[in-house]
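Okay, target-v2.cif now, which holds mmCIF, C-alpha atoms:
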```cif
data_input
loop_
_atom_site.label_atom_id
_atom_site.label_comp_id
_atom_site.auth_asym_id
_atom_site.auth_seq_id
_atom_site.Cartn_x
_atom_site.Cartn_y
_atom_site.Cartn_z
CA MET A 7 19.38 104.87 27.25
CA GLN A 8 21.63 105.14 24.19
CA PRO A 9 20.18 103.37 21.11
CA ILE A 10 22.02 100.17 20.12
CA ILE A 11 23.18 99.87 16.49
CA ILE A 12 24.65 97.05 14.43
CA ASP A 13 26.20 97.35 10.96
CA LEU A 14 25.78 94.51 8.45
CA PHE A 15 28.24 94.36 5.51
CA SER A 16 30.19 96.97 7.45
CA GLY A 17 33.22 97.26 5.16
CA ALA A 18 35.73 99.87 6.30
CA GLY A 19 33.14 101.61 8.47
CA GLY A 20 32.01 104.66 6.51
CA PHE A 21 28.35 104.06 7.35
CA SER A 22 29.12 103.39 11.02
CA LEU A 23 31.38 106.40 11.37
CA GLY A 24 28.58 108.87 10.66
CA PHE A 25 26.45 107.30 13.39
CA LYS A 26 29.37 107.28 15.81
CA LYS A 27 30.06 110.95 15.10
CA VAL A 28 26.57 111.98 16.24
CA GLY A 29 26.68 109.85 19.37
CA PHE A 30 25.16 106.47 18.53
CA ASP A 31 26.65 103.31 20.03
CA ILE A 32 27.72 100.77 17.39
CA LYS A 33 27.86 97.48 19.25
CA LEU A 34 28.52 94.96 16.48
CA ALA A 35 29.64 94.83 12.85
CA ILE A 36 29.74 91.95 10.36
CA ASP A 37 31.78 91.60 7.19
CA ILE A 38 33.19 88.58 5.36
CA ASN A 39 36.23 90.40 3.96
CA HIS A 40 39.32 89.94 6.12
CA ALA A 41 41.02 93.22 5.25
CA ALA A 42 37.81 95.20 5.73
CA ALA A 43 37.15 93.51 9.08
CA ARG A 44 40.68 94.40 10.22
CA THR A 45 40.18 97.99 9.12
CA TYR A 46 36.88 98.20 10.95
CA SER A 47 38.13 96.69 14.19
CA THR A 48 41.15 99.02 14.18
CA ASN A 49 38.97 102.12 13.86
CA PHE A 50 36.15 100.92 16.12
CA PRO A 51 38.00 99.17 18.98
CA GLU A 52 34.92 99.12 21.23
CA THR A 53 32.76 97.34 18.63
CA ILE A 54 32.45 93.55 18.31
CA VAL A 55 33.53 92.65 14.76
CA ILE A 56 32.47 89.31 13.29
CA GLU A 57 34.34 88.18 10.19
CA ASP A 58 31.98 85.66 8.63
CA ASP A 59 29.45 85.01 5.88
CA ILE A 60 26.18 86.60 6.96
CA ARG A 61 24.36 83.47 5.78
CA ASN A 62 25.87 81.67 8.78
CA ILE A 63 24.54 84.19 11.30
CA THR A 64 21.11 84.37 12.91
CA GLY A 65 19.35 87.07 14.86
CA LYS A 66 19.73 84.93 17.98
CA ASP A 67 23.51 84.85 17.45
CA ILE A 68 23.62 88.63 17.32
CA GLU A 69 21.37 89.01 20.38
CA TYR A 70 23.67 86.59 22.24
CA PHE A 71 26.73 88.73 21.50
CA ILE A 72 24.99 92.02 22.33
CA GLY A 73 22.83 90.90 25.25
CA LYS A 74 20.39 93.72 24.51
CA LYS A 75 17.58 94.60 22.13
CA ILE A 76 18.86 96.04 18.83
CA ASP A 77 17.37 99.47 18.10
CA ILE A 78 18.84 100.26 14.66
CA VAL A 79 20.34 98.14 11.88
CA ILE A 80 22.34 99.76 9.11
CA GLY A 81 24.21 98.09 6.29
CA SER A 82 25.21 97.94 2.64
CA PRO A 83 24.70 94.56 0.91
CA PRO A 84 26.88 94.14 -2.21
CA CYS A 85 25.84 96.38 -5.10
CA GLU A 86 27.67 94.45 -7.85
CA PRO A 87 24.64 92.31 -8.83
CA TYR A 88 22.59 95.45 -9.48
CA THR A 89 24.94 98.11 -10.83
CA ALA A 90 25.09 98.82 -14.56
CA ALA A 91 28.86 99.14 -14.18
CA ASN A 92 29.05 95.35 -13.77
CA PRO A 93 29.39 93.78 -17.25
CA LEU A 94 28.35 90.39 -15.79
CA ARG A 95 25.09 91.66 -14.27
CA MET A 96 22.21 89.23 -14.88
CA LYS A 97 19.88 90.30 -17.67
CA GLU A 98 16.59 89.70 -15.83
CA PRO A 99 16.14 92.17 -12.93
CA LEU A 100 14.52 89.69 -10.54
CA ASP A 101 17.31 87.19 -11.14
CA ARG A 102 19.73 89.72 -9.67
CA LEU A 103 17.85 89.51 -6.37
CA TYR A 104 16.76 85.89 -6.27
CA LEU A 105 19.35 83.92 -8.28
CA ASP A 106 22.62 85.85 -8.12
CA GLN A 107 24.53 84.60 -5.06
CA GLU A 108 25.69 88.08 -4.09
CA GLY A 109 22.29 89.55 -4.91
CA GLN A 110 20.73 87.10 -2.48
CA LEU A 111 22.66 88.81 0.31
CA THR A 112 20.07 91.58 0.15
CA LEU A 113 17.53 88.92 1.17
CA GLU A 114 19.86 87.86 4.01
CA TYR A 115 19.87 91.45 5.26
CA ILE A 116 16.06 91.44 5.17
CA ARG A 117 16.01 88.06 6.96
CA LEU A 118 18.03 89.48 9.84
CA ILE A 119 15.79 92.55 10.04
CA GLY A 120 12.87 90.17 10.41
CA GLU A 121 14.62 88.19 13.14
CA LEU A 122 15.88 91.22 15.09
CA LYS A 123 12.82 93.47 14.67
CA PRO A 124 14.70 96.76 15.18
CA LYS A 125 12.85 100.05 15.60
CA PHE A 126 14.62 101.42 12.53
CA PHE A 127 16.80 100.15 9.72
CA VAL A 128 18.65 101.74 6.80
CA MET A 129 19.94 99.69 3.87
CA GLU A 130 22.20 101.42 1.33
CA ASN A 131 22.67 100.37 -2.28
CA VAL A 132 22.93 101.66 -5.85
CA PRO A 133 19.73 103.20 -7.28
CA SER A 134 19.55 100.43 -9.89
CA ILE A 135 18.52 98.00 -7.16
CA VAL A 136 15.06 99.55 -7.64
CA SER A 137 15.44 100.70 -11.25
CA THR A 138 12.62 98.45 -12.48
CA GLU A 139 9.09 98.13 -11.16
CA SER A 140 9.61 94.39 -10.66
CA LEU A 141 12.68 94.87 -8.43
CA ARG A 142 11.09 97.68 -6.45
CA SER A 143 7.93 95.62 -5.88
CA ALA A 144 9.95 92.55 -4.90
CA ILE A 145 11.93 94.46 -2.29
CA GLU A 146 8.75 96.05 -0.93
CA TYR A 147 7.17 92.59 -0.79
CA GLU A 148 10.11 91.04 1.07
CA PHE A 149 10.08 93.80 3.70
CA ASN A 150 6.28 93.69 3.98
CA LYS A 151 6.54 89.93 4.67
CA ILE A 152 8.52 90.68 7.83
CA GLY A 153 6.20 93.48 8.91
CA TYR A 154 7.83 96.65 7.59
CA LYS A 155 6.71 99.32 5.18
CA VAL A 156 9.67 100.82 3.34
CA PHE A 157 10.66 104.17 1.88
CA PHE A 158 13.12 104.57 -0.98
CA ASN A 159 15.25 107.58 -0.09
CA PHE A 160 17.46 108.76 -2.97
CA LEU A 161 20.29 110.96 -1.69
CA LYS A 162 23.30 112.61 -3.34
CA ALA A 163 26.45 112.72 -1.22
CA GLU A 164 27.62 115.92 -2.91
CA ASP A 165 24.57 117.72 -1.47
CA TYR A 166 26.11 117.18 1.96
CA GLY A 167 29.63 118.41 1.20
CA ASN A 168 31.17 115.28 -0.29
CA PRO A 169 33.83 116.18 -2.88
CA SER A 170 32.85 113.33 -5.21
CA LYS A 171 29.54 112.54 -6.87
CA ARG A 172 27.55 109.65 -5.42
CA THR A 173 23.83 108.98 -5.70
CA ARG A 174 22.54 106.11 -3.62
CA VAL A 175 19.21 104.76 -2.40
CA PHE A 176 18.72 104.28 1.33
CA ILE A 177 15.88 101.84 1.91
CA SER A 178 14.40 102.42 5.34
CA ASN A 179 11.25 102.09 7.39
CA ILE A 180 11.26 105.87 7.85
CA GLU A 181 11.49 108.69 5.34
CA LEU A 182 14.94 110.28 5.29
CA ARG A 183 15.24 113.88 4.13
CA PRO A 184 18.32 115.33 5.85
CA ALA A 185 18.90 119.05 5.31
CA LYS A 186 21.41 119.74 2.55
CA THR A 187 24.50 121.76 3.38
CA GLY A 188 24.47 123.79 0.17
CA LYS A 189 28.26 123.77 0.14
CA LYS A 190 30.12 122.33 -2.85
CA ARG A 191 33.56 120.91 -2.07
CA THR A 192 35.91 120.47 -5.00
CA VAL A 193 38.76 118.03 -5.50
CA ILE A 194 41.36 120.66 -4.62
CA ASP A 195 39.41 121.59 -1.49
CA ALA A 196 39.60 117.96 -0.43
CA ILE A 197 43.18 116.96 -1.29
CA GLY A 198 45.08 120.19 -1.88
CA ASP A 199 46.99 120.04 1.41
CA LEU A 200 48.12 116.41 1.13
CA GLN A 201 51.05 116.73 -1.26
CA GLY A 202 54.27 115.73 0.48
CA ARG A 203 52.49 114.83 3.72
CA TYR A 204 54.19 111.61 4.78
CA ASP A 205 52.97 111.91 8.37
CA ILE A 206 49.41 110.93 7.35
CA PRO A 207 48.55 107.21 7.11
CA ASN A 208 47.74 105.62 3.73
CA ASN A 209 49.32 108.55 1.86
CA GLU A 210 52.13 106.59 0.16
CA ILE A 211 52.62 107.32 -3.54
CA GLN A 212 52.57 104.38 -5.95
CA GLU A 213 55.67 104.27 -8.11
CA LEU A 214 54.96 104.01 -11.85
CA ASN A 215 57.19 102.99 -14.74
CA GLU A 216 58.43 105.59 -17.20
CA ASP A 217 56.04 104.55 -19.99
CA LYS A 218 53.01 104.93 -17.73
CA ILE A 219 54.19 108.33 -16.53
CA LYS A 220 54.57 109.53 -20.14
CA GLU A 221 51.09 108.23 -20.93
CA ILE A 222 49.58 110.05 -17.96
CA ALA A 223 51.48 113.27 -18.74
CA LYS A 224 49.47 113.70 -21.96
CA LEU A 225 46.13 113.86 -20.12
CA SER A 226 44.26 117.10 -19.49
CA PHE A 227 41.64 117.54 -16.77
CA ASP A 228 38.77 115.03 -17.18
CA ASP A 229 40.72 112.97 -19.76
CA TYR A 230 41.19 109.26 -19.11
CA LEU A 231 43.53 106.42 -20.04
CA THR A 232 41.03 103.70 -20.94
CA MET A 233 37.43 102.49 -20.73
CA PHE A 234 35.47 99.38 -19.90
CA LYS A 235 31.96 98.34 -20.95
CA GLY A 236 29.21 98.09 -18.36
CA SER A 237 26.25 95.69 -18.56
CA SER A 238 24.31 98.07 -20.81
CA GLY A 239 27.19 98.31 -23.27
CA LYS A 240 27.95 101.86 -22.15
CA ASN A 241 31.64 102.78 -22.00
CA ILE A 242 32.81 103.75 -18.53
CA PRO A 243 36.11 105.70 -18.28
CA LEU A 244 38.95 104.51 -16.07
CA TYR A 245 42.02 106.38 -14.80
CA ILE A 246 40.53 109.88 -15.10
CA ARG A 247 42.73 112.91 -14.46
CA LEU A 248 40.65 114.82 -11.94
CA ASN A 249 39.56 118.39 -12.51
CA PRO A 250 40.74 120.17 -9.34
CA TYR A 251 38.00 122.80 -9.52
CA ASP A 252 35.05 120.41 -9.77
CA LEU A 253 33.60 117.42 -7.99
CA ALA A 254 35.32 114.09 -8.58
CA PRO A 255 33.36 111.38 -10.41
CA THR A 256 31.79 108.60 -8.36
CA VAL A 257 34.44 106.61 -6.50
CA LEU A 258 34.02 102.90 -7.24
CA GLY A 259 35.82 99.88 -5.85
CA ASN A 260 37.94 99.70 -9.00
CA SER A 261 38.44 103.47 -9.29
CA ARG A 262 41.97 104.75 -9.68
CA PHE A 263 42.10 108.48 -10.31
CA ILE A 264 45.03 110.52 -11.60
CA HIS A 265 46.18 113.53 -9.60
CA PRO A 266 45.16 116.88 -11.14
CA PHE A 267 48.69 118.30 -11.25
CA GLU A 268 51.07 115.37 -10.77
CA ASN A 269 51.62 112.43 -13.11
CA ARG A 270 50.59 109.72 -10.66
CA PHE A 271 47.58 107.98 -9.19
CA LEU A 272 45.92 109.35 -6.09
CA THR A 273 47.09 107.83 -2.86
CA VAL A 274 44.60 105.81 -0.81
CA ARG A 275 44.37 108.75 1.60
CA GLU A 276 43.61 111.22 -1.19
CA GLN A 277 40.92 108.88 -2.48
CA ALA A 278 39.55 108.53 1.06
CA ARG A 279 39.35 112.33 1.31
CA LEU A 280 37.07 112.21 -1.77
CA MET A 281 34.74 110.06 0.36
CA SER A 282 35.06 112.48 3.33
CA TYR A 283 36.93 110.04 5.57
CA PRO A 284 38.95 111.76 8.32
CA ASP A 285 42.72 111.28 8.24
CA ASP A 286 42.75 109.26 11.47
CA HIS A 287 40.67 106.51 9.84
CA ILE A 288 43.27 103.90 8.91
CA PHE A 289 42.88 101.40 6.06
CA LEU A 290 44.54 97.98 6.31
CA GLY A 291 45.27 95.24 3.77
CA GLY A 292 46.99 95.41 0.40
CA ARG A 293 46.84 98.60 -1.65
CA ASP A 294 44.06 97.31 -3.93
CA GLU A 295 42.08 96.15 -0.90
CA GLN A 296 42.41 99.61 0.63
CA TYR A 297 41.19 101.33 -2.54
CA ASN A 298 38.26 98.89 -2.67
CA GLN A 299 37.32 99.65 0.93
CA VAL A 300 37.23 103.36 0.13
CA GLY A 301 35.21 102.94 -3.06
CA GLU A 302 32.60 100.64 -1.53
CA ALA A 303 31.86 102.89 1.45
CA VAL A 304 29.06 105.28 2.34
CA PRO A 305 30.65 108.77 2.30
CA VAL A 306 31.08 109.87 5.88
CA VAL A 307 29.39 113.26 5.46
CA LEU A 308 26.32 111.51 4.07
CA SER A 309 26.20 108.83 6.76
CA THR A 310 26.53 111.62 9.34
CA ALA A 311 23.61 113.54 7.82
CA ILE A 312 21.47 110.37 7.87
CA ALA A 313 22.44 109.58 11.46
CA ARG A 314 21.61 113.13 12.54
CA GLU A 315 18.25 112.89 10.79
CA ILE A 316 17.41 109.64 12.59
CA MET A 317 18.57 111.02 15.92
CA GLY A 318 16.30 114.03 15.51
CA LYS A 319 13.31 112.39 13.87
CA ALA A 320 13.27 109.13 15.82
CA TYR A 321 14.69 110.15 19.18
CA GLY A 322 13.97 113.87 19.35
CA ILE A 323 17.65 114.72 19.90
CA VAL A 324 19.03 117.69 18.00
CA HIS A 325 22.74 117.21 17.26
CA SER A 326 25.11 120.01 16.33
CA THR A 327 26.05 120.19 12.65
CA THR A 328 29.69 120.86 13.51
#
```

Encoded form using structure tokens:
Amino acid sequence: MQPIIIDLFSGAGGFSLGFKKVGFDIKLAIDINHAAARTYSTNFPETIVIEDDIRNITGKDIEYFIGKKIDIVIGSPPCEPYTAANPLRMKEPLDRLYLDQEGQLTLEYIRLIGELKPKFFVMENVPSIVSTESLRSAIEYEFNKIGYKVFFNFLKAEDYGNPSKRTRVFISNIELRPAKTGKKRTVIDAIGDLQGRYDIPNNEIQELNEDKIKEIAKLSFDDYLTMFKGSSGKNIPLYIRLNPYDLAPTVLGNSRFIHPFENRFLTVREQARLMSYPDDHIFLGGRDEQYNQVGEAVPVVLSTAIAREIMGKAYGIVHSTT
């Protein structure tokens, strides 16, 4: 029997897509964001999509919709309370988990794991969710309370062929060590064939005023237009002109990159290519909402590697790497 999967905080479906690609059956997805829920339901028409606050949902609700025992739960609770890129991040690490309203959604994910008792779960977030001993111990404690030992699996998407950098922690009840591809994909490898391709969805170019174009024209590879301060006071560059012969920087929800050779921002599709989304994955909502969906996703090549690892390790099924 095919294992049953649900995706909590499903976003645009990057995490789900990797599992679908290797043959898992994603039965249900939950996300509170309307545009993201529309995007997900469009790309996963066979999956039940619930657009609601996860605080309102119980394990019994999910079991009612599915009618079967849940085998695997995946999901990505919001990372904003934990990331150093957030200038409003709470100072005390434990407050980020227990007092921040978005941070508490990690506890809601754990609550549902406890209610559903899946065989396996994988929760993705930024490494800073366990950057202090107090946070790491708290998360271990919360999972131990519901009967699970956890592993903190730190994985780099670029090790699996993603053309942008992205290090994330995947908290799971099994150790995840998928085999690396050893292939580096550069920006030009990812987006070089998209110029002038109007037949591909989400590839519309954003028109800029003349002053902005002149400003962008002065930038060399890896230069940027401006910066913002993260919670640690560190300056984080925005509007970087990408180096075509290197990996792109980490794609964030607020990321807007400048094309290596043209004086414009990347299209949503070009940005999605940096997260290894296939071109038939359509993004809905306003332009900013689409960029946010891309930036908040699990890169598809990484989710595929994780799904393949679980399929082999947990179910003894070897899936082709093609």

Could you check which of A:Val55, A:Ile10, A:Leu23, A:Ala42 is closest to Lys125 of chain A, using all atoms listed in the file?
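Residue with the minimum atom-to-atom distance to Lys125 of chain A: A:Ile10.
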
Computed interatomic separation between atom CA of Ser134 of chain A and atom CA of Pro87 of chain A (Å):
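According to the coordinates, atom CA of Ser134 of chain A and atom CA of Pro87 of chain A are separated by 9.6 Å.
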
Using all atoms listed in the file and a cutoff of 6 Å, can you tell me which residues are near (44.7, 102.3, 2.8) in the file's coordinates, and write them out as a list of chain:residue names?
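Within 6 Å of (44.7, 102.3, 2.8), the protein and nucleic acid residues are A:Asn208, A:Val274, A:Phe289, A:Leu290, A:Gln296.
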
For the file shown, what are the residues hit by the PyMOL selection byres ((chain A and resi 282) around 8), laid out as JSON, numbers by chain?
{"A": [168, 169, 278, 279, 280, 281, 283, 284, 305, 306, 307]}

File of the preceding selection, C-alpha atoms, as a compact mmCIF listing (two decimals), keeping the file's coordinate frame:
```txt
# COMPACT_ATOMS: atom_id res chain seq x y z
CA ASN A 168 31.17 115.28 -0.29
CA PRO A 169 33.83 116.18 -2.88
CA ALA A 278 39.55 108.53 1.06
CA ARG A 279 39.35 112.33 1.31
CA LEU A 280 37.07 112.21 -1.77
CA MET A 281 34.74 110.06 0.36
CA TYR A 283 36.93 110.04 5.57
CA PRO A 284 38.95 111.76 8.32
CA PRO A 305 30.65 108.77 2.30
CA VAL A 306 31.08 109.87 5.88
CA VAL A 307 29.39 113.26 5.46
```

Apply the PyMOL selection byres ((chain A and resi 142-152) around 10) to the displayed file and report the matching residues as a ChimeraX atom specification.
/A:99-100,103-104,112-113,116-121,123,134-141,153-158,177-179

Which residues come within 6 Å of Phe127 of chain A, counting all atoms listed in the file, excluding same-chain residues fewer than 6 positions away, as a PyMOL selection string?
chain A and resi 78-80+178

Between A:Gly198, A:Ala311, A:Ile11, A:Asn298, which residue has the minimum interatomic distance to Pro184 of chain A, considering only C-alpha atoms?
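Using only C-alpha atoms, the shortest distance to Pro184 of chain A belongs to A:Ala311.
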
Chain and number of each residue from the PyMOL selection byres ((chain A and resi 171) around 7), as a list in words:
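Written out, the selection comes to Ala163, Glu164, Pro169, Ser170, Arg172, Thr173, Leu253, Ala254, Pro255 and Thr256 of chain A.
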
Protein and nucleic acid residues near (52.9, 114.4, -10.3) (cut-off 12 Å, all atoms listed in the file) as a ChimeraX atom specification:
/A:201-202,211-214,219-220,222-223,225,247,264-273

Coordinates-based distance that separates atom CA of Phe15 of chain A from atom CA of Ala91 of chain A (Å, one decimal):
20.3 Å

Please, what distance in Å, to one decimal, runs between atom CA of Gly188 of chain A and atom CA of Gly29 of chain A?
23.8 Å

Contact residues around Glu52 of chain A with only C-alpha atoms at 12 Å, ignoring same-chain residues under 6 positions, as a ChimeraX atom specification:
/A:26,31-35,46

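Considering the residues A:Met317, A:Leu200, A:Ala18, A:Ile63 and counting all atoms listed in the file, Gly301 of chain A has its shortest atom-to-atom contact with A:Ala18.
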
Give me segment 123-139 of chain A from this structure - N, CA and C atoms, as a PDB file, in the first residue's frame.
```
ATOM      1  N   LYS A 123       0.434  10.675  15.207  1.00  0.00           N
ATOM      2  CA  LYS A 123       1.379   9.572  15.417  1.00  0.00           C
ATOM      3  C   LYS A 123       1.829   8.928  14.088  1.00  0.00           C
ATOM      4  N   PRO A 124       2.381   9.708  13.182  1.00  0.00           N
ATOM      5  CA  PRO A 124       2.853   9.122  11.916  1.00  0.00           C
ATOM      6  C   PRO A 124       4.087   8.259  12.152  1.00  0.00           C
ATOM      7  N   LYS A 125       4.385   7.401  11.171  1.00  0.00           N
ATOM      8  CA  LYS A 125       5.612   6.601  11.250  1.00  0.00           C
ATOM      9  C   LYS A 125       6.830   7.505  11.147  1.00  0.00           C
ATOM     10  N   PHE A 126       6.732   8.515  10.283  1.00  0.00           N
ATOM     11  CA  PHE A 126       7.858   9.409  10.040  1.00  0.00           C
ATOM     12  C   PHE A 126       7.359  10.840   9.884  1.00  0.00           C
ATOM     13  N   PHE A 127       8.196  11.778  10.260  1.00  0.00           N
ATOM     14  CA  PHE A 127       7.895  13.185   9.997  1.00  0.00           C
ATOM     15  C   PHE A 127       9.189  13.899   9.642  1.00  0.00           C
ATOM     16  N   VAL A 128       9.061  14.991   8.890  1.00  0.00           N
ATOM     17  CA  VAL A 128      10.194  15.851   8.553  1.00  0.00           C
ATOM     18  C   VAL A 128       9.720  17.289   8.640  1.00  0.00           C
ATOM     19  N   MET A 129      10.349  18.068   9.505  1.00  0.00           N
ATOM     20  CA  MET A 129      10.017  19.486   9.671  1.00  0.00           C
ATOM     21  C   MET A 129      11.206  20.338   9.233  1.00  0.00           C
ATOM     22  N   GLU A 130      10.983  21.212   8.272  1.00  0.00           N
ATOM     23  CA  GLU A 130      12.057  22.058   7.731  1.00  0.00           C
ATOM     24  C   GLU A 130      12.026  23.441   8.344  1.00  0.00           C
ATOM     25  N   ASN A 131      13.217  24.002   8.592  1.00  0.00           N
ATOM     26  CA  ASN A 131      13.297  25.376   9.076  1.00  0.00           C
ATOM     27  C   ASN A 131      14.727  25.883   8.892  1.00  0.00           C
ATOM     28  N   VAL A 132      14.943  27.146   9.274  1.00  0.00           N
ATOM     29  CA  VAL A 132      16.289  27.718   9.203  1.00  0.00           C
ATOM     30  C   VAL A 132      17.144  27.122  10.320  1.00  0.00           C
ATOM     31  N   PRO A 133      18.464  26.996  10.093  1.00  0.00           N
ATOM     32  CA  PRO A 133      19.330  26.416  11.130  1.00  0.00           C
ATOM     33  C   PRO A 133      19.264  27.149  12.463  1.00  0.00           C
ATOM     34  N   SER A 134      18.947  28.451  12.431  1.00  0.00           N
ATOM     35  CA  SER A 134      18.927  29.218  13.684  1.00  0.00           C
ATOM     36  C   SER A 134      17.780  28.829  14.603  1.00  0.00           C
ATOM     37  N   ILE A 135      16.892  27.955  14.151  1.00  0.00           N
ATOM     38  CA  ILE A 135      15.858  27.451  15.061  1.00  0.00           C
ATOM     39  C   ILE A 135      16.492  26.572  16.142  1.00  0.00           C
ATOM     40  N   VAL A 136      17.699  26.073  15.876  1.00  0.00           N
ATOM     41  CA  VAL A 136      18.422  25.286  16.887  1.00  0.00           C
ATOM     42  C   VAL A 136      19.829  25.847  17.093  1.00  0.00           C
ATOM     43  N   SER A 137      19.966  27.163  16.937  1.00  0.00           N
ATOM     44  CA  SER A 137      21.292  27.782  17.019  1.00  0.00           C
ATOM     45  C   SER A 137      21.798  27.941  18.450  1.00  0.00           C
ATOM     46  N   THR A 138      20.906  27.810  19.428  1.00  0.00           N
ATOM     47  CA  THR A 138      21.323  27.867  20.832  1.00  0.00           C
ATOM     48  C   THR A 138      20.972  26.544  21.507  1.00  0.00           C
ATOM     49  N   GLU A 139      21.710  26.228  22.541  1.00  0.00           N
ATOM     50  CA  GLU A 139      21.459  24.984  23.272  1.00  0.00           C
ATOM     51  C   GLU A 139      20.057  24.971  23.879  1.00  0.00           C
TER      52      GLU A 139
END
```
